[in-house]
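Dropping start.txt in here (compact mmCIF, C-alpha atoms):
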```txt
# COMPACT_ATOMS: atom_id res chain seq x y z
CA MET K 1 206.24 -8.28 71.22
CA ALA K 2 207.84 -6.76 68.14
CA ARG K 3 205.82 -4.90 65.51
CA PRO K 4 204.34 -7.10 62.78
CA LEU K 5 206.94 -8.16 60.23
CA LEU K 6 206.15 -8.75 56.57
CA VAL K 7 207.96 -11.83 55.25
CA SER K 8 208.17 -12.98 51.62
CA PHE K 9 208.93 -16.57 50.62
CA ILE K 10 210.24 -16.52 47.07
CA SER K 11 210.97 -19.70 45.16
CA GLY K 12 213.17 -19.88 42.10
CA SER K 13 216.80 -20.57 41.33
CA ILE K 14 218.38 -18.55 44.13
CA GLY K 15 218.29 -18.44 47.93
CA PRO K 16 220.05 -20.26 50.78
CA TRP K 17 217.40 -23.00 51.10
CA ARG K 18 217.29 -25.94 48.68
CA ILE K 19 213.78 -27.35 48.21
CA GLU K 20 214.11 -31.05 49.00
CA ARG K 21 210.42 -31.95 48.66
CA LEU K 22 207.22 -30.15 47.80
CA ASP K 23 204.04 -32.17 48.37
CA ALA K 24 200.38 -31.24 48.13
CA VAL K 25 198.77 -32.60 51.31
CA ARG K 26 195.29 -31.31 50.42
CA GLY K 27 194.02 -29.33 47.44
CA GLU K 28 196.07 -27.74 44.72
CA SER K 29 199.87 -27.93 44.89
CA LEU K 30 202.45 -25.24 44.11
CA GLN K 31 204.85 -25.34 41.16
CA PRO K 32 208.05 -27.22 41.86
CA ALA K 33 211.12 -25.02 42.28
CA GLU K 34 214.78 -25.46 43.16
CA ARG K 35 215.48 -22.96 45.90
CA LEU K 36 213.79 -20.63 48.34
CA GLU K 37 214.66 -17.18 49.57
CA VAL K 38 213.10 -15.69 52.72
CA LEU K 39 212.97 -11.90 52.73
CA GLU K 40 212.00 -9.97 55.85
CA GLY K 41 210.74 -6.42 55.93
CA SER K 42 209.02 -4.08 53.57
CA GLU K 43 207.63 -5.14 50.22
CA SER K 44 210.29 -7.10 48.39
CA ASP K 45 211.30 -6.25 44.87
CA LEU K 46 209.94 -9.02 42.67
CA THR K 47 211.25 -7.78 39.35
CA GLY K 48 213.61 -10.78 39.10
CA SER K 49 212.35 -14.15 37.94
CA PHE K 50 210.67 -16.45 40.44
CA VAL K 51 208.43 -19.50 40.34
CA TRP K 52 206.01 -18.51 43.10
CA SER K 53 206.03 -15.97 45.89
CA LEU K 54 204.02 -16.06 49.09
CA ARG K 55 203.93 -13.39 51.76
CA GLY K 56 202.50 -13.03 55.23
CA PHE K 57 202.95 -11.04 58.41
CA THR K 58 203.79 -12.05 61.95
CA SER K 59 201.15 -10.64 64.28
CA ASN K 60 199.82 -10.65 67.83
CA SER K 61 198.63 -14.00 69.17
CA ARG K 62 195.01 -14.89 68.48
CA TYR K 63 194.18 -17.82 70.78
CA THR K 64 196.81 -18.28 73.48
CA THR K 65 195.92 -17.46 77.07
CA SER K 66 198.44 -15.77 79.35
CA SER K 67 199.62 -19.05 80.90
CA GLU K 68 200.00 -20.67 77.47
CA THR K 69 201.98 -17.67 76.22
CA GLU K 70 204.26 -17.96 79.23
CA ALA K 71 204.83 -21.67 78.61
CA LEU K 72 205.57 -21.04 74.93
CA ASN K 73 207.96 -18.17 75.65
CA ALA K 74 209.85 -20.31 78.15
CA LYS K 75 210.46 -23.05 75.53
CA GLN K 76 210.65 -21.29 72.15
CA ARG K 77 214.00 -20.16 70.74
CA GLY K 78 214.66 -17.81 67.88
CA LEU K 79 215.17 -18.80 64.26
CA ASN K 80 218.58 -19.05 62.54
CA CYS K 81 220.18 -21.43 65.02
CA ARG K 82 223.33 -22.73 63.30
CA ARG K 83 222.51 -26.40 63.88
CA ALA K 84 218.98 -26.02 62.41
CA THR K 85 219.85 -26.82 58.79
CA ARG K 86 216.41 -28.24 58.02
CA ALA K 87 213.25 -26.20 57.53
CA ALA K 88 209.65 -26.64 56.48
CA LEU K 89 207.27 -24.12 54.98
CA ILE K 90 203.64 -25.22 55.34
CA PRO K 91 201.07 -22.95 53.68
CA ILE K 92 197.47 -23.78 54.63
CA ARG K 93 194.03 -22.42 53.81
CA LYS K 94 190.88 -22.95 55.88
CA ILE K 95 187.34 -23.10 54.57
CA ALA K 96 184.86 -20.21 54.94
CA ALA K 97 183.00 -22.11 57.72
CA TRP K 98 186.07 -21.67 59.94
CA TRP K 99 186.18 -17.91 59.41
CA ASP K 100 182.46 -17.63 60.02
CA LEU K 101 182.90 -19.02 63.53
CA SER K 102 183.09 -16.69 66.50
CA GLN K 103 186.25 -16.30 68.55
CA ASN K 104 185.06 -18.66 71.33
CA GLU K 105 184.02 -21.33 68.82
CA ARG K 106 187.36 -21.16 67.02
CA ARG K 107 189.25 -21.31 70.32
CA ASP K 108 187.18 -24.32 71.39
CA ILE K 109 188.04 -26.29 68.24
CA PHE K 110 191.63 -25.04 68.12
CA GLU K 111 192.61 -25.89 71.67
CA GLU K 112 189.91 -27.56 73.77
CA GLN K 113 189.17 -30.13 71.02
CA SER K 114 192.38 -30.19 68.97
CA LYS K 115 195.02 -29.32 71.58
CA HIS K 116 196.94 -27.33 68.98
CA ILE K 117 198.86 -25.34 71.60
CA ARG K 118 199.39 -28.32 73.91
CA ILE K 119 200.79 -30.46 71.07
CA GLY K 120 202.87 -27.55 69.82
CA LEU K 121 204.43 -27.14 73.27
CA GLU K 122 205.96 -30.63 73.18
CA TYR K 123 208.41 -29.87 70.36
CA PRO K 124 210.36 -26.69 71.08
CA PRO K 125 213.16 -25.88 71.59
CA ALA K 126 214.20 -28.67 69.15
CA ILE K 127 211.71 -27.35 66.60
CA THR K 128 211.26 -23.59 66.31
CA ARG K 129 208.30 -22.07 64.58
CA ARG K 130 207.13 -18.73 63.20
CA LEU K 131 203.57 -18.14 62.06
CA HIS K 132 202.69 -15.70 59.27
CA HIS K 133 199.13 -14.57 58.57
CA CYS K 134 198.15 -13.91 54.97
CA ARG K 135 194.38 -14.30 54.49
CA ASP K 136 193.88 -10.57 55.08
CA LEU K 137 196.38 -9.77 52.31
CA GLY K 138 194.24 -11.53 49.69
CA GLU K 139 196.88 -14.26 49.31
CA PRO K 140 196.01 -17.80 48.11
CA PHE K 141 196.64 -19.24 51.61
CA ASP K 142 195.53 -18.14 55.09
CA PHE K 143 198.70 -19.02 57.00
CA LEU K 144 202.33 -19.76 56.24
CA THR K 145 204.06 -21.61 59.05
CA TRP K 146 207.84 -21.80 58.99
CA PHE K 147 209.73 -24.37 61.07
CA GLU K 148 213.46 -24.86 61.61
CA TYR K 149 215.18 -27.90 63.18
CA ALA K 150 218.40 -29.91 63.19
CA PRO K 151 218.53 -33.03 60.94
CA GLU K 152 218.23 -35.35 63.97
CA HIS K 153 214.80 -33.87 64.77
CA ALA K 154 213.29 -34.57 61.35
CA ASP K 155 211.34 -37.56 62.73
CA ALA K 156 209.95 -35.50 65.58
CA PHE K 157 208.85 -32.88 63.06
CA ASP K 158 207.06 -35.54 60.97
CA GLU K 159 205.27 -36.69 64.12
CA LEU K 160 204.22 -33.11 64.96
CA VAL K 161 202.61 -32.43 61.58
CA HIS K 162 201.01 -35.88 61.54
CA ARG K 163 199.37 -35.28 64.95
CA LEU K 164 198.05 -31.87 63.93
CA ARG K 165 196.59 -33.24 60.69
CA GLU K 166 194.57 -35.76 62.71
CA THR K 167 192.80 -33.06 64.73
CA ARG K 168 189.30 -31.71 64.38
CA GLU K 169 190.79 -28.29 63.54
CA TRP K 170 192.34 -29.80 60.40
CA GLN K 171 188.87 -30.74 59.10
CA TYR K 172 188.62 -27.04 58.27
CA VAL K 173 191.79 -27.11 56.15
CA ASP K 174 191.06 -27.44 52.44
CA ARG K 175 194.49 -26.63 51.01
CA GLU K 176 197.86 -27.55 52.42
CA VAL K 177 201.29 -27.83 50.83
CA ASP K 178 204.29 -29.30 52.69
CA ILE K 179 207.65 -27.93 51.56
CA ARG K 180 210.85 -29.32 53.12
CA LEU K 181 214.13 -27.48 52.83
CA ILE K 182 217.84 -27.89 53.47
CA ARG K 183 220.13 -24.96 54.18
CA GLU K 184 223.20 -25.14 51.97
CA MET G 1 181.39 -13.72 56.15
CA ALA G 2 182.90 -12.27 53.00
CA ARG G 3 186.60 -12.48 52.23
CA PRO G 4 188.70 -9.66 53.71
CA LEU G 5 188.35 -6.43 51.77
CA LEU G 6 191.16 -3.89 51.43
CA VAL G 7 189.82 -0.34 51.76
CA SER G 8 191.75 2.90 51.13
CA PHE G 9 190.72 6.25 52.61
CA ILE G 10 192.28 8.97 50.47
CA SER G 11 192.03 12.63 51.40
CA GLY G 12 192.57 15.48 48.98
CA SER G 13 190.47 17.63 46.73
CA ILE G 14 188.19 14.92 45.30
CA GLY G 15 185.73 12.34 46.60
CA PRO G 16 182.06 12.29 47.59
CA TRP G 17 182.69 13.08 51.27
CA ARG G 18 183.43 16.62 52.44
CA ILE G 19 185.60 16.75 55.57
CA GLU G 20 183.65 18.86 58.02
CA ARG G 21 186.03 18.50 60.98
CA LEU G 22 189.33 16.78 61.67
CA ASP G 23 190.39 16.76 65.33
CA ALA G 24 193.28 15.09 67.10
CA VAL G 25 191.75 13.41 70.16
CA ARG G 26 195.06 11.97 71.36
CA GLY G 27 198.59 12.18 69.92
CA GLU G 28 199.57 13.53 66.53
CA SER G 29 196.88 14.79 64.16
CA LEU G 30 196.56 14.31 60.40
CA GLN G 31 196.95 17.10 57.84
CA PRO G 32 193.72 18.97 57.14
CA ALA G 33 192.13 18.19 53.79
CA GLU G 34 188.97 19.11 51.90
CA ARG G 35 187.48 15.83 50.75
CA LEU G 36 187.72 12.09 51.21
CA GLU G 37 187.45 9.23 48.77
CA VAL G 38 186.86 5.64 49.95
CA LEU G 39 188.19 3.00 47.56
CA GLU G 40 187.37 -0.67 48.03
CA GLY G 41 189.32 -3.56 46.60
CA SER G 42 192.82 -4.15 45.40
CA GLU G 43 195.64 -1.68 45.90
CA SER G 44 194.48 1.68 44.73
CA ASP G 45 196.51 3.73 42.31
CA LEU G 46 197.95 6.62 44.27
CA THR G 47 199.72 8.39 41.43
CA GLY G 48 197.34 11.37 41.70
CA SER G 49 197.82 14.00 44.37
CA PHE G 50 196.47 13.40 47.85
CA VAL G 51 197.02 14.80 51.32
CA TRP G 52 197.09 11.53 53.26
CA SER G 53 196.05 8.00 52.54
CA LEU G 54 195.19 5.30 55.07
CA ARG G 55 194.33 1.70 54.30
CA GLY G 56 193.06 -1.29 56.23
CA PHE G 57 191.27 -4.58 55.71
CA THR G 58 188.01 -5.92 57.03
CA SER G 59 188.64 -9.28 58.69
CA ASN G 60 187.14 -12.03 60.83
CA SER G 61 185.94 -11.01 64.29
CA ARG G 62 188.53 -11.15 67.06
CA TYR G 63 186.55 -10.92 70.33
CA THR G 64 182.84 -11.52 69.79
CA THR G 65 181.28 -14.72 71.10
CA SER G 66 178.64 -16.54 69.08
CA SER G 67 175.73 -14.93 70.94
CA GLU G 68 177.24 -11.46 70.58
CA THR G 69 177.76 -12.05 66.86
CA GLU G 70 174.13 -13.08 66.54
CA ALA G 71 172.96 -9.96 68.38
CA LEU G 72 175.14 -7.74 66.20
CA ASN G 73 174.02 -9.38 62.96
CA ALA G 74 170.39 -8.93 63.96
CA LYS G 75 170.85 -5.16 64.41
CA GLN G 76 173.57 -4.09 61.96
CA ARG G 77 172.67 -2.84 58.49
CA GLY G 78 174.94 -2.34 55.52
CA LEU G 79 176.69 0.88 54.58
CA ASN G 80 175.49 3.29 51.86
CA CYS G 81 171.98 3.80 53.17
CA ARG G 82 170.63 6.84 51.31
CA ARG G 83 169.60 8.69 54.47
CA ALA G 84 173.04 8.25 56.08
CA THR G 85 174.64 11.44 54.78
CA ARG G 86 176.99 11.80 57.77
CA ALA G 87 180.07 9.69 58.38
CA ALA G 88 183.02 9.51 60.73
CA LEU G 89 186.44 7.99 60.17
CA ILE G 90 188.24 7.33 63.45
CA PRO G 91 191.81 6.03 63.14
CA ILE G 92 193.28 4.78 66.42
CA ARG G 93 196.55 3.27 67.57
CA LYS G 94 197.08 1.27 70.75
CA ILE G 95 200.27 1.07 72.80
CA ALA G 96 202.61 -1.95 72.71
CA ALA G 97 201.37 -3.09 76.14
CA TRP G 98 197.97 -3.85 74.55
CA TRP G 99 199.47 -6.03 71.85
CA ASP G 100 201.64 -7.84 74.38
CA LEU G 101 198.52 -9.04 76.20
CA SER G 102 197.15 -12.52 75.58
CA GLN G 103 193.81 -13.09 73.89
CA ASN G 104 191.96 -13.70 77.20
CA GLU G 105 193.47 -10.58 78.79
CA ARG G 106 192.51 -8.41 75.79
CA ARG G 107 188.99 -9.86 75.75
CA ASP G 108 188.65 -9.19 79.50
CA ILE G 109 189.56 -5.50 79.11
CA PHE G 110 187.66 -5.10 75.82
CA GLU G 111 184.35 -6.52 76.98
CA GLU G 112 184.18 -7.64 80.61
CA GLN G 113 185.68 -4.34 81.83
CA SER G 114 184.92 -1.88 79.02
CA LYS G 115 181.68 -3.33 77.54
CA HIS G 116 182.81 -2.36 74.06
CA ILE G 117 180.43 -4.81 72.37
CA ARG G 118 177.55 -4.12 74.76
CA ILE G 119 177.82 -0.33 74.24
CA GLY G 120 178.24 -0.83 70.48
CA LEU G 121 175.02 -2.85 70.38
CA GLU G 122 172.91 0.08 71.58
CA TYR G 123 173.45 2.21 68.46
CA PRO G 124 172.72 0.20 65.32
CA PRO G 125 170.78 0.23 63.08
CA ALA G 126 170.81 4.07 63.35
CA ILE G 127 174.61 4.04 63.29
CA THR G 128 176.34 1.51 61.04
CA ARG G 129 179.98 0.64 61.45
CA ARG G 130 182.76 -1.11 59.58
CA LEU G 131 186.09 -1.92 61.20
CA HIS G 132 189.34 -2.05 59.24
CA HIS G 133 192.56 -3.52 60.66
CA CYS G 134 195.85 -1.93 59.64
CA ARG G 135 198.53 -2.59 62.26
CA ASP G 136 199.67 -5.68 60.37
CA LEU G 137 200.16 -3.59 57.21
CA GLY G 138 202.77 -1.38 58.89
CA GLU G 139 200.38 1.58 58.78
CA PRO G 140 200.60 4.51 61.25
CA PHE G 141 197.37 3.40 62.96
CA ASP G 142 196.12 0.01 64.22
CA PHE G 143 192.43 0.39 63.30
CA LEU G 144 190.29 2.59 61.08
CA THR G 145 186.65 2.57 62.10
CA TRP G 146 184.12 3.97 59.66
CA PHE G 147 180.62 4.98 60.78
CA GLU G 148 177.61 6.18 58.78
CA TYR G 149 174.44 7.78 60.14
CA ALA G 150 171.65 10.20 59.30
CA PRO G 151 172.03 13.84 60.48
CA GLU G 152 169.42 13.33 63.24
CA HIS G 153 171.65 10.69 64.85
CA ALA G 154 174.74 12.90 65.15
CA ASP G 155 174.13 13.41 68.90
CA ALA G 156 173.80 9.68 69.47
CA PHE G 157 177.07 9.20 67.62
CA ASP G 158 178.81 11.78 69.84
CA GLU G 159 177.49 9.93 72.88
CA LEU G 160 178.79 6.59 71.55
CA VAL G 161 182.36 7.81 71.02
CA HIS G 162 182.32 9.66 74.34
CA ARG G 163 181.30 6.50 76.22
CA LEU G 164 183.98 4.40 74.52
CA ARG G 165 186.68 6.97 75.28
CA GLU G 166 185.84 6.72 78.99
CA THR G 167 186.53 2.99 79.13
CA ARG G 168 189.55 1.15 80.48
CA GLU G 169 190.23 -0.15 76.95
CA TRP G 170 190.83 3.43 75.80
CA GLN G 171 193.69 3.81 78.31
CA TYR G 172 195.62 1.73 75.77
CA VAL G 173 194.93 4.21 72.94
CA ASP G 174 197.82 6.63 72.39
CA ARG G 175 196.76 8.14 69.05
CA GLU G 176 193.27 8.94 67.86
CA VAL G 177 191.96 11.29 65.20
CA ASP G 178 188.26 12.04 64.78
CA ILE G 179 187.22 12.95 61.23
CA ARG G 180 183.61 13.94 60.52
CA LEU G 181 182.23 13.93 56.99
CA ILE G 182 179.20 15.02 54.99
CA ARG G 183 178.17 13.28 51.78
CA GLU G 184 177.57 15.87 49.08
```

The structure in this file should be written as structure tokens.
Amino acid sequence: MARPLLVSFISGSIGPWRIERLDAVRGESLQPAERLEVLEGSESDLTGSFVWSLRGFTSNSRYTTSSETEALNAKQRGLNCRRATRAALIPIRKIAAWWDLSQNERRDIFEEQSKHIRIGLEYPPAITRRLHHCRDLGEPFDFLTWFEYAPEHADAFDELVHRLRETREWQYVDREVDIRLIRE
Amino acid sequence: MARPLLVSFISGSIGPWRIERLDAVRGESLQPAERLEVLEGSESDLTGSFVWSLRGFTSNSRYTTSSETEALNAKQRGLNCRRATRAALIPIRKIAAWWDLSQNERRDIFEEQSKHIRIGLEYPPAITRRLHHCRDLGEPFDFLTWFEYAPEHADAFDELVHRLRETREWQYVDREVDIRLIRE
């Protein structure tokens, strides 16, 4: 596994991704904006104008067992596939009661009850995903998940997020914004 | 559990803690310095002169089960007890092979094989501890553990770190510095 990578998602008038939709699913929304830029690596220079900026880091896995990791690695592909001209950025925040749980309690809700990993395994390689953690940075969200897929898999992506939102794990989510993007 | 707290450990010529000893246990050491300041909260202003500065965040627990959390909460006390005039700051880094392990494999080495939690439970409330994560910040270490204790518990503290260093978990540690401090 690579070292953690800091990634900034900066909305404004520049960037290769056009923001097609920006919907509050739960809680407060984010300001509408035209375009999104994704910057990888050390602290980005935010002296230019932007509408909002969110950052998070990729990290080691927190819940997957060795056999789940193996299954994921066998199916997942990298980002930036040429045919994947659609993307989604889904920032979520969980309530304090989630973070107060112990590791085994969180794992139980996350997988044994909600099947987060099992559901997530049904969609790659058509849908690729990268998770960024941000609660520990004092950001307004806890996680930023980034997905990329080809236009013909947009329905499958809608199904994936719908299934996850129905789970017991999602009862701990008190803020979620769903941002859909087109690479131009 | 409180929100994550960013903490900076800044060595130089000021601060309430006098650095009594600074020893490399494994790998590269840190520059010697006279004093240490511990700053809590948002990014500290580092325009003044300092010798080295390390930062990390407190976070949710990663390995403890609910019963272990309960046992720890029953014994742990807060920092800044007036009689605890001794402290230790122990920055460690683990090798990539540790971070490549899955959650269940890390838990197995951490507790089932190394009894990290069980050993750690024998020492509070005499020795209090706060863990700071920093790998995800791109820092030179993965963890900064801070301990406080009264002078009469210095031997117990030496025993605690000695026992942990003998464990299988510690075979994954490739850099460790042991910094002992006196509050003046």

Kindly provide the residues of chain G that approach chain K to within 9 Å, each paired with its closest atom pair and their distance in Å to one decimal, based on only C-alpha atoms, listed by chain and increasing number, as JSON lines.
```
{"residue": "G:Met1", "atom": "CA", "partner": "K:Asp100", "partner_atom": "CA", "distance": 5.6}
{"residue": "G:Ala2", "atom": "CA", "partner": "K:Ala96", "partner_atom": "CA", "distance": 8.4}
{"residue": "G:Arg3", "atom": "CA", "partner": "K:Asp136", "partner_atom": "CA", "distance": 8.0}
{"residue": "G:Pro4", "atom": "CA", "partner": "K:Asp136", "partner_atom": "CA", "distance": 5.4}
{"residue": "G:Leu5", "atom": "CA", "partner": "K:Asp136", "partner_atom": "CA", "distance": 7.7}
{"residue": "G:Leu6", "atom": "CA", "partner": "K:Leu137", "partner_atom": "CA", "distance": 7.9}
{"residue": "G:Ser42", "atom": "CA", "partner": "K:Gly138", "partner_atom": "CA", "distance": 8.7}
{"residue": "G:Phe57", "atom": "CA", "partner": "K:Asp136", "partner_atom": "CA", "distance": 6.6}
{"residue": "G:Thr58", "atom": "CA", "partner": "K:Asp136", "partner_atom": "CA", "distance": 7.7}
{"residue": "G:Ser59", "atom": "CA", "partner": "K:Asp136", "partner_atom": "CA", "distance": 6.5}
{"residue": "G:Asn60", "atom": "CA", "partner": "K:Trp99", "partner_atom": "CA", "distance": 6.1}
{"residue": "G:Ser61", "atom": "CA", "partner": "K:Ser102", "partner_atom": "CA", "distance": 6.7}
{"residue": "G:Arg62", "atom": "CA", "partner": "K:Gln103", "partner_atom": "CA", "distance": 5.8}
{"residue": "G:Tyr63", "atom": "CA", "partner": "K:Gln103", "partner_atom": "CA", "distance": 5.7}
{"residue": "G:Thr64", "atom": "CA", "partner": "K:Gln103", "partner_atom": "CA", "distance": 6.0}
{"residue": "G:Thr65", "atom": "CA", "partner": "K:Ser102", "partner_atom": "CA", "distance": 5.3}
{"residue": "G:Ser66", "atom": "CA", "partner": "K:Ser102", "partner_atom": "CA", "distance": 5.1}
{"residue": "G:Ser67", "atom": "CA", "partner": "K:Ser102", "partner_atom": "CA", "distance": 8.8}
{"residue": "G:Glu68", "atom": "CA", "partner": "K:Ser102", "partner_atom": "CA", "distance": 8.8}
{"residue": "G:Thr69", "atom": "CA", "partner": "K:Ser102", "partner_atom": "CA", "distance": 7.1}
{"residue": "G:Ala96", "atom": "CA", "partner": "K:Met1", "partner_atom": "CA", "distance": 7.4}
{"residue": "G:Ala97", "atom": "CA", "partner": "K:Met1", "partner_atom": "CA", "distance": 8.7}
{"residue": "G:Trp99", "atom": "CA", "partner": "K:Asn60", "partner_atom": "CA", "distance": 6.1}
{"residue": "G:Asp100", "atom": "CA", "partner": "K:Met1", "partner_atom": "CA", "distance": 5.6}
{"residue": "G:Leu101", "atom": "CA", "partner": "K:Ser66", "partner_atom": "CA", "distance": 7.4}
{"residue": "G:Ser102", "atom": "CA", "partner": "K:Ser66", "partner_atom": "CA", "distance": 5.1}
{"residue": "G:Gln103", "atom": "CA", "partner": "K:Tyr63", "partner_atom": "CA", "distance": 5.7}
{"residue": "G:Asn104", "atom": "CA", "partner": "K:Thr65", "partner_atom": "CA", "distance": 5.5}
{"residue": "G:Glu105", "atom": "CA", "partner": "K:Ser66", "partner_atom": "CA", "distance": 7.2}
{"residue": "G:Arg135", "atom": "CA", "partner": "K:Pro4", "partner_atom": "CA", "distance": 7.4}
{"residue": "G:Asp136", "atom": "CA", "partner": "K:Pro4", "partner_atom": "CA", "distance": 5.4}
{"residue": "G:Leu137", "atom": "CA", "partner": "K:Pro4", "partner_atom": "CA", "distance": 7.8}
{"residue": "G:Gly138", "atom": "CA", "partner": "K:Pro4", "partner_atom": "CA", "distance": 7.1}
```

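The spacing separating atom CA of Arg130 of chain G from atom CA of Asp158 of chain G amounts to 16.9 Å.
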
Separation of atom CA of Ala24 of chain K from atom CA of Val177 of chain K in Å | 4.4 Å

Test item: residues at most 12 Å from Trp52 of chain G, only C-alpha atoms, excluding those fewer than 4 positions along its chain, as a PyMOL selection string = chain G and resi 8-13+29-37+46+48+139-140

Keeping only C-alpha atoms, write those residues as a PDB file, in the frame of the given file.
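Final output, again19.pdb:
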```
ATOM      1  CA  SER G   8     191.750   2.900  51.130  1.00  0.00           C
ATOM      2  CA  PHE G   9     190.720   6.250  52.610  1.00  0.00           C
ATOM      3  CA  ILE G  10     192.280   8.970  50.470  1.00  0.00           C
ATOM      4  CA  SER G  11     192.030  12.630  51.400  1.00  0.00           C
ATOM      5  CA  GLY G  12     192.570  15.480  48.980  1.00  0.00           C
ATOM      6  CA  SER G  13     190.470  17.630  46.730  1.00  0.00           C
ATOM      7  CA  SER G  29     196.880  14.790  64.160  1.00  0.00           C
ATOM      8  CA  LEU G  30     196.560  14.310  60.400  1.00  0.00           C
ATOM      9  CA  GLN G  31     196.950  17.100  57.840  1.00  0.00           C
ATOM     10  CA  PRO G  32     193.720  18.970  57.140  1.00  0.00           C
ATOM     11  CA  ALA G  33     192.130  18.190  53.790  1.00  0.00           C
ATOM     12  CA  GLU G  34     188.970  19.110  51.900  1.00  0.00           C
ATOM     13  CA  ARG G  35     187.480  15.830  50.750  1.00  0.00           C
ATOM     14  CA  LEU G  36     187.720  12.090  51.210  1.00  0.00           C
ATOM     15  CA  GLU G  37     187.450   9.230  48.770  1.00  0.00           C
ATOM     16  CA  LEU G  46     197.950   6.620  44.270  1.00  0.00           C
ATOM     17  CA  GLY G  48     197.340  11.370  41.700  1.00  0.00           C
ATOM     18  CA  GLU G 139     200.380   1.580  58.780  1.00  0.00           C
ATOM     19  CA  PRO G 140     200.600   4.510  61.250  1.00  0.00           C
TER      20      PRO G 140
END
```

Contacts of segment 77-88 of chain K at 12 Å or less, counting all atoms listed in the file, minus same-chain residues fewer than 6 places along, as an mmCIF file with C-alpha atoms, in the coordinates of the input?
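The result, stored in part-v2.cif:
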```cif
data_model
loop_
_atom_site.group_PDB
_atom_site.id
_atom_site.type_symbol
_atom_site.label_atom_id
_atom_site.label_comp_id
_atom_site.auth_asym_id
_atom_site.auth_seq_id
_atom_site.Cartn_x
_atom_site.Cartn_y
_atom_site.Cartn_z
ATOM 1 C CA PHE K 9 208.930 -16.570 50.620
ATOM 2 C CA PRO K 16 220.050 -20.260 50.780
ATOM 3 C CA TRP K 17 217.400 -23.000 51.100
ATOM 4 C CA ARG K 18 217.290 -25.940 48.680
ATOM 5 C CA ILE K 19 213.780 -27.350 48.210
ATOM 6 C CA GLU K 20 214.110 -31.050 49.000
ATOM 7 C CA ARG K 21 210.420 -31.950 48.660
ATOM 8 C CA LEU K 22 207.220 -30.150 47.800
ATOM 9 C CA ASP K 23 204.040 -32.170 48.370
ATOM 10 C CA LEU K 36 213.790 -20.630 48.340
ATOM 11 C CA VAL K 38 213.100 -15.690 52.720
ATOM 12 C CA TYR K 123 208.410 -29.870 70.360
ATOM 13 C CA PRO K 124 210.360 -26.690 71.080
ATOM 14 C CA PRO K 125 213.160 -25.880 71.590
ATOM 15 C CA ALA K 126 214.200 -28.670 69.150
ATOM 16 C CA ILE K 127 211.710 -27.350 66.600
ATOM 17 C CA THR K 128 211.260 -23.590 66.310
ATOM 18 C CA ARG K 129 208.300 -22.070 64.580
ATOM 19 C CA ARG K 130 207.130 -18.730 63.200
ATOM 20 C CA LEU K 131 203.570 -18.140 62.060
ATOM 21 C CA LEU K 144 202.330 -19.760 56.240
ATOM 22 C CA THR K 145 204.060 -21.610 59.050
ATOM 23 C CA TRP K 146 207.840 -21.800 58.990
ATOM 24 C CA PHE K 147 209.730 -24.370 61.070
ATOM 25 C CA GLU K 148 213.460 -24.860 61.610
ATOM 26 C CA TYR K 149 215.180 -27.900 63.180
ATOM 27 C CA ALA K 150 218.400 -29.910 63.190
ATOM 28 C CA PRO K 151 218.530 -33.030 60.940
ATOM 29 C CA GLU K 152 218.230 -35.350 63.970
ATOM 30 C CA HIS K 153 214.800 -33.870 64.770
ATOM 31 C CA ALA K 154 213.290 -34.570 61.350
ATOM 32 C CA ASP K 155 211.340 -37.560 62.730
ATOM 33 C CA PHE K 157 208.850 -32.880 63.060
ATOM 34 C CA ASP K 158 207.060 -35.540 60.970
ATOM 35 C CA LEU K 160 204.220 -33.110 64.960
ATOM 36 C CA VAL K 161 202.610 -32.430 61.580
ATOM 37 C CA VAL K 177 201.290 -27.830 50.830
ATOM 38 C CA ASP K 178 204.290 -29.300 52.690
ATOM 39 C CA ILE K 179 207.650 -27.930 51.560
ATOM 40 C CA ARG K 180 210.850 -29.320 53.120
ATOM 41 C CA LEU K 181 214.130 -27.480 52.830
ATOM 42 C CA ILE K 182 217.840 -27.890 53.470
ATOM 43 C CA ARG K 183 220.130 -24.960 54.180
ATOM 44 C CA GLU K 184 223.200 -25.140 51.970
#
```

Quick one, how far is atom CA of Ile90 of chain K from atom CA of Val25 of chain K?
->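 Atom-to-atom, atom CA of Ile90 of chain K and atom CA of Val25 of chain K are spaced 9.7 Å apart.
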
Choose the residue, out of K:Arg55, K:Arg175, K:Arg168, K:Lys115, that has the smallest atom-to-atom separation from Glu28 of chain K; count all atoms listed in the file.
-> K:Arg175

Can you tell me, as a list in words, what residues are no more than 7 Å from Val173 of chain K when counting only C-alpha atoms, ignoring any on the same chain fewer than 3 positions away?
-> Ile92, Arg93, Lys94, Ile95 and Trp170 of chain K

Once you add 8 Å to each side, what are the centre and edge lengths of the axis-aligned box holding all listed atoms of segment 139-152 of chain G? One decimal in Å, as JSON, if you can.
```
{"center_x": 185.0, "center_y": 6.9, "center_z": 61.5, "size_x": 47.2, "size_y": 29.8, "size_z": 21.4}
```
